[in-house]
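Novice: There's a structure below that I have some questions on.
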Amino acid sequence: RRDQYLQKAQEENPKAELALTLTQTQLQIEQGQYDTALAMLESVYSLNPRHPMVLDQLRQVHLAREDWTTLIDLIPVLHKVGKLTPKQEEDLLQQAWRGRLNAASGALETLRPIWQELPRKLRQDPDLLAAYGDRLRQLGADNEAAELWLDALRKQVSPQLLARLPKLKLDSYQPMLTLLQKIQDQPDVDAALAQVYLLAGQLDDAQRLLEQEVAKAPNAAVYHALGQVMDKRRLTNKANEYYRQALQLADV
């Protein structure tokens, strides 16, 4: 009935065709009829390629359909017609590229080319670096992720990347230790360095830094790492005490 009413209104007032069509497509979008809406919008877009409402509805459809490549191409046009602020453009680009990385994350052969397609500026974005490195890790390419993250940290210290370094499974942690020691005066570096010391089997250095971190700002991750240190030292009671403190801080 909705479509019939709109069709009748269009016949009675041909000059309102675009407004009525966009009303119909917006209602279709709101009801999840994305394929139907897209078919109509593509026809309207060919005649009105810079109409702000047409472009915004296309954004809604491509976002809902997770059609990331088309959305990426549409974003600069949306910005030009004033539908996106610079911050909104940046956020939407990040979301779209993260979506492309997710869609290609089944194999390294499909994932790597997507990363190379990213504009250089976005390849330096900490959130996207973290997302890409996480997918490399999931595919067993921990060394590749380590190289990527360490190179980024040499240019700019990032809490997102520092927090991920201890998750890497490597044959040698020495390059990581070398870099973290060089930037040890930066915030959040000591906590990461302590956990990498633990992974490298340097228990004295790990315990010293972890105890310093606990004294400054107790948190679940540091207490858990201290528990691991005590486990490796076969101090079971002390390890269990630290694990309990970690659970309490994590609200588990």
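By order of appearance in the structure tokens: chains A, B, ..., then residues from 1 within every chain, and ligands from 1 in the order shown.
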Env of stretch 185-200 of chain A: 12 Å cut, atoms = only C-alpha atoms, seq-sep filter 4 positions within chain, self excluded. Answer as a PyMOL selection string.

Specialist: chain A and resi 153-154+156-181+204-233

Novice: Taking the backbone alone, and naming residues the way the document does, which bits of stretch 2-214 of chain A are helix (DSSP H, G or I) by DSSP, as a PyMOL selection string?

Specialist: chain A and resi 2-12+14-30+34-47+52-65+68-80+86-103+108-117+120-123+126-138+142-155+159-167+174-182+189-199+203-214

Novice: Could you give me, as a PDB file with N, CA, C and O atoms, in the first residue's frame, the residues within 10 Å of stretch 73-77 of chain A, counting only C-alpha atoms and dropping anything in the same chain fewer than 6 positions from it?

Specialist:
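Okay, this is what ended up in around-v7.pdb:
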ATOM      1  N   PRO A  49      23.791  12.931  -9.783  1.00  0.00           N
ATOM      2  CA  PRO A  49      25.004  12.383  -9.150  1.00  0.00           C
ATOM      3  C   PRO A  49      25.548  13.191  -7.969  1.00  0.00           C
ATOM      4  O   PRO A  49      26.405  12.696  -7.252  1.00  0.00           O
ATOM      5  N   ARG A  50      25.050  14.420  -7.773  1.00  0.00           N
ATOM      6  CA  ARG A  50      25.555  15.239  -6.668  1.00  0.00           C
ATOM      7  C   ARG A  50      24.443  15.648  -5.706  1.00  0.00           C
ATOM      8  O   ARG A  50      24.621  16.559  -4.895  1.00  0.00           O
ATOM      9  N   PRO A  52      22.599  15.635  -2.478  1.00  0.00           N
ATOM     10  CA  PRO A  52      23.016  15.201  -1.135  1.00  0.00           C
ATOM     11  C   PRO A  52      22.173  14.069  -0.559  1.00  0.00           C
ATOM     12  O   PRO A  52      22.722  13.146   0.060  1.00  0.00           O
ATOM     13  N   LEU A  55      22.989  10.761  -2.303  1.00  0.00           N
ATOM     14  CA  LEU A  55      24.290  10.255  -1.852  1.00  0.00           C
ATOM     15  C   LEU A  55      24.217   9.708  -0.432  1.00  0.00           C
ATOM     16  O   LEU A  55      24.815   8.670  -0.124  1.00  0.00           O
ATOM     17  N   ASP A  56      23.475  10.380   0.442  1.00  0.00           N
ATOM     18  CA  ASP A  56      23.388   9.916   1.820  1.00  0.00           C
ATOM     19  C   ASP A  56      22.636   8.589   1.909  1.00  0.00           C
ATOM     20  O   ASP A  56      22.995   7.716   2.701  1.00  0.00           O
ATOM     21  N   LEU A  58      22.561   6.350  -0.473  1.00  0.00           N
ATOM     22  CA  LEU A  58      23.510   5.354  -0.982  1.00  0.00           C
ATOM     23  C   LEU A  58      24.501   4.961   0.114  1.00  0.00           C
ATOM     24  O   LEU A  58      24.860   3.788   0.243  1.00  0.00           O
ATOM     25  N   ARG A  59      24.937   5.939   0.896  1.00  0.00           N
ATOM     26  CA  ARG A  59      25.830   5.632   2.029  1.00  0.00           C
ATOM     27  C   ARG A  59      25.166   4.646   2.984  1.00  0.00           C
ATOM     28  O   ARG A  59      25.789   3.652   3.402  1.00  0.00           O
ATOM     29  N   HIS A  62      25.001   1.084   1.251  1.00  0.00           N
ATOM     30  CA  HIS A  62      26.296   0.404   1.123  1.00  0.00           C
ATOM     31  C   HIS A  62      26.835   0.002   2.498  1.00  0.00           C
ATOM     32  O   HIS A  62      27.465  -1.057   2.630  1.00  0.00           O
ATOM     33  N   LYS A  83      27.886  16.371   3.220  1.00  0.00           N
ATOM     34  CA  LYS A  83      27.189  15.376   4.037  1.00  0.00           C
ATOM     35  C   LYS A  83      28.084  14.770   5.100  1.00  0.00           C
ATOM     36  O   LYS A  83      27.607  14.017   5.958  1.00  0.00           O
ATOM     37  N   LEU A  84      29.395  15.065   5.052  1.00  0.00           N
ATOM     38  CA  LEU A  84      30.316  14.535   6.054  1.00  0.00           C
ATOM     39  C   LEU A  84      31.270  15.632   6.510  1.00  0.00           C
ATOM     40  O   LEU A  84      31.828  16.354   5.685  1.00  0.00           O
ATOM     41  N   GLN A  88      33.865  12.907  10.463  1.00  0.00           N
ATOM     42  CA  GLN A  88      32.971  11.838  10.015  1.00  0.00           C
ATOM     43  C   GLN A  88      33.566  11.099   8.823  1.00  0.00           C
ATOM     44  O   GLN A  88      33.452   9.872   8.716  1.00  0.00           O
ATOM     45  N   GLU A  89      34.205  11.852   7.925  1.00  0.00           N
ATOM     46  CA  GLU A  89      34.857  11.232   6.770  1.00  0.00           C
ATOM     47  C   GLU A  89      35.965  10.285   7.224  1.00  0.00           C
ATOM     48  O   GLU A  89      36.081   9.152   6.743  1.00  0.00           O
ATOM     49  N   GLU A  90      36.767  10.742   8.176  1.00  0.00           N
ATOM     50  CA  GLU A  90      37.861   9.915   8.698  1.00  0.00           C
ATOM     51  C   GLU A  90      37.321   8.648   9.353  1.00  0.00           C
ATOM     52  O   GLU A  90      37.823   7.545   9.101  1.00  0.00           O
ATOM     53  N   LEU A  92      34.397   7.161   8.906  1.00  0.00           N
ATOM     54  CA  LEU A  92      33.747   6.272   7.939  1.00  0.00           C
ATOM     55  C   LEU A  92      34.782   5.551   7.074  1.00  0.00           C
ATOM     56  O   LEU A  92      34.627   4.363   6.764  1.00  0.00           O
ATOM     57  N   LEU A  93      35.848   6.252   6.710  1.00  0.00           N
ATOM     58  CA  LEU A  93      36.926   5.612   5.956  1.00  0.00           C
ATOM     59  C   LEU A  93      37.569   4.492   6.766  1.00  0.00           C
ATOM     60  O   LEU A  93      37.841   3.398   6.244  1.00  0.00           O
ATOM     61  N   ALA A  96      35.198   1.546   6.837  1.00  0.00           N
ATOM     62  CA  ALA A  96      35.122   0.857   5.553  1.00  0.00           C
ATOM     63  C   ALA A  96      36.377   0.024   5.280  1.00  0.00           C
ATOM     64  O   ALA A  96      36.291  -1.131   4.844  1.00  0.00           O
TER      65      ALA A  96
END

Novice: Could you please determine the separation between atom CA of A:Leu136 and atom CA of A:Gln95 in Å, to one decimal place?

Specialist: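 These atoms are spaced 18.3 Å apart.
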
Novice: Quick one: residues within 12 Å of A:Gln138, only C-alpha atoms counted, chain neighbours fewer than 4 positions away excluded, as a list of chain:residue names?

Specialist: A:Asn102, A:Ser105, A:Gly106, A:Ala107, A:Leu108, A:Leu111, A:Ala131, A:Tyr132, A:Gly133, A:Asp134, A:Asp142, A:Asn143, A:Glu144, A:Ala145, A:Lys167, A:Leu168, A:Lys169

Novice: Excluding A:Leu129 and any residue of its chain fewer than 4 positions from it, enumerate the residues within 9 Å of it, using only C-alpha atoms, and give them as a list in words.

Specialist: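 Result of the neighbour search: Leu122, Arg123, Gln124, Asp125, Gly133, Asp134, Leu148, Trp149, Ala152 and Leu161 of chain A.
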
Novice: I need the residues from that last selection saved to file as a short mmCIF file (atom, residue, chain, number, x, y, z; two decimals), in the first residue's frame (with C-alpha atoms), if you can.

Specialist:
data_model
loop_
_atom_site.label_atom_id
_atom_site.label_comp_id
_atom_site.auth_asym_id
_atom_site.auth_seq_id
_atom_site.Cartn_x
_atom_site.Cartn_y
_atom_site.Cartn_z
CA LEU A 122 45.70 5.32 6.67
CA ARG A 123 48.47 2.72 6.80
CA GLN A 124 49.97 4.86 9.60
CA ASP A 125 46.72 4.99 11.58
CA GLY A 133 48.27 -6.88 12.66
CA ASP A 134 45.58 -8.77 14.58
CA LEU A 148 54.79 -3.86 11.07
CA TRP A 149 54.08 -2.76 14.64
CA ALA A 152 55.14 2.05 13.46
CA LEU A 161 50.18 -1.31 19.54
#
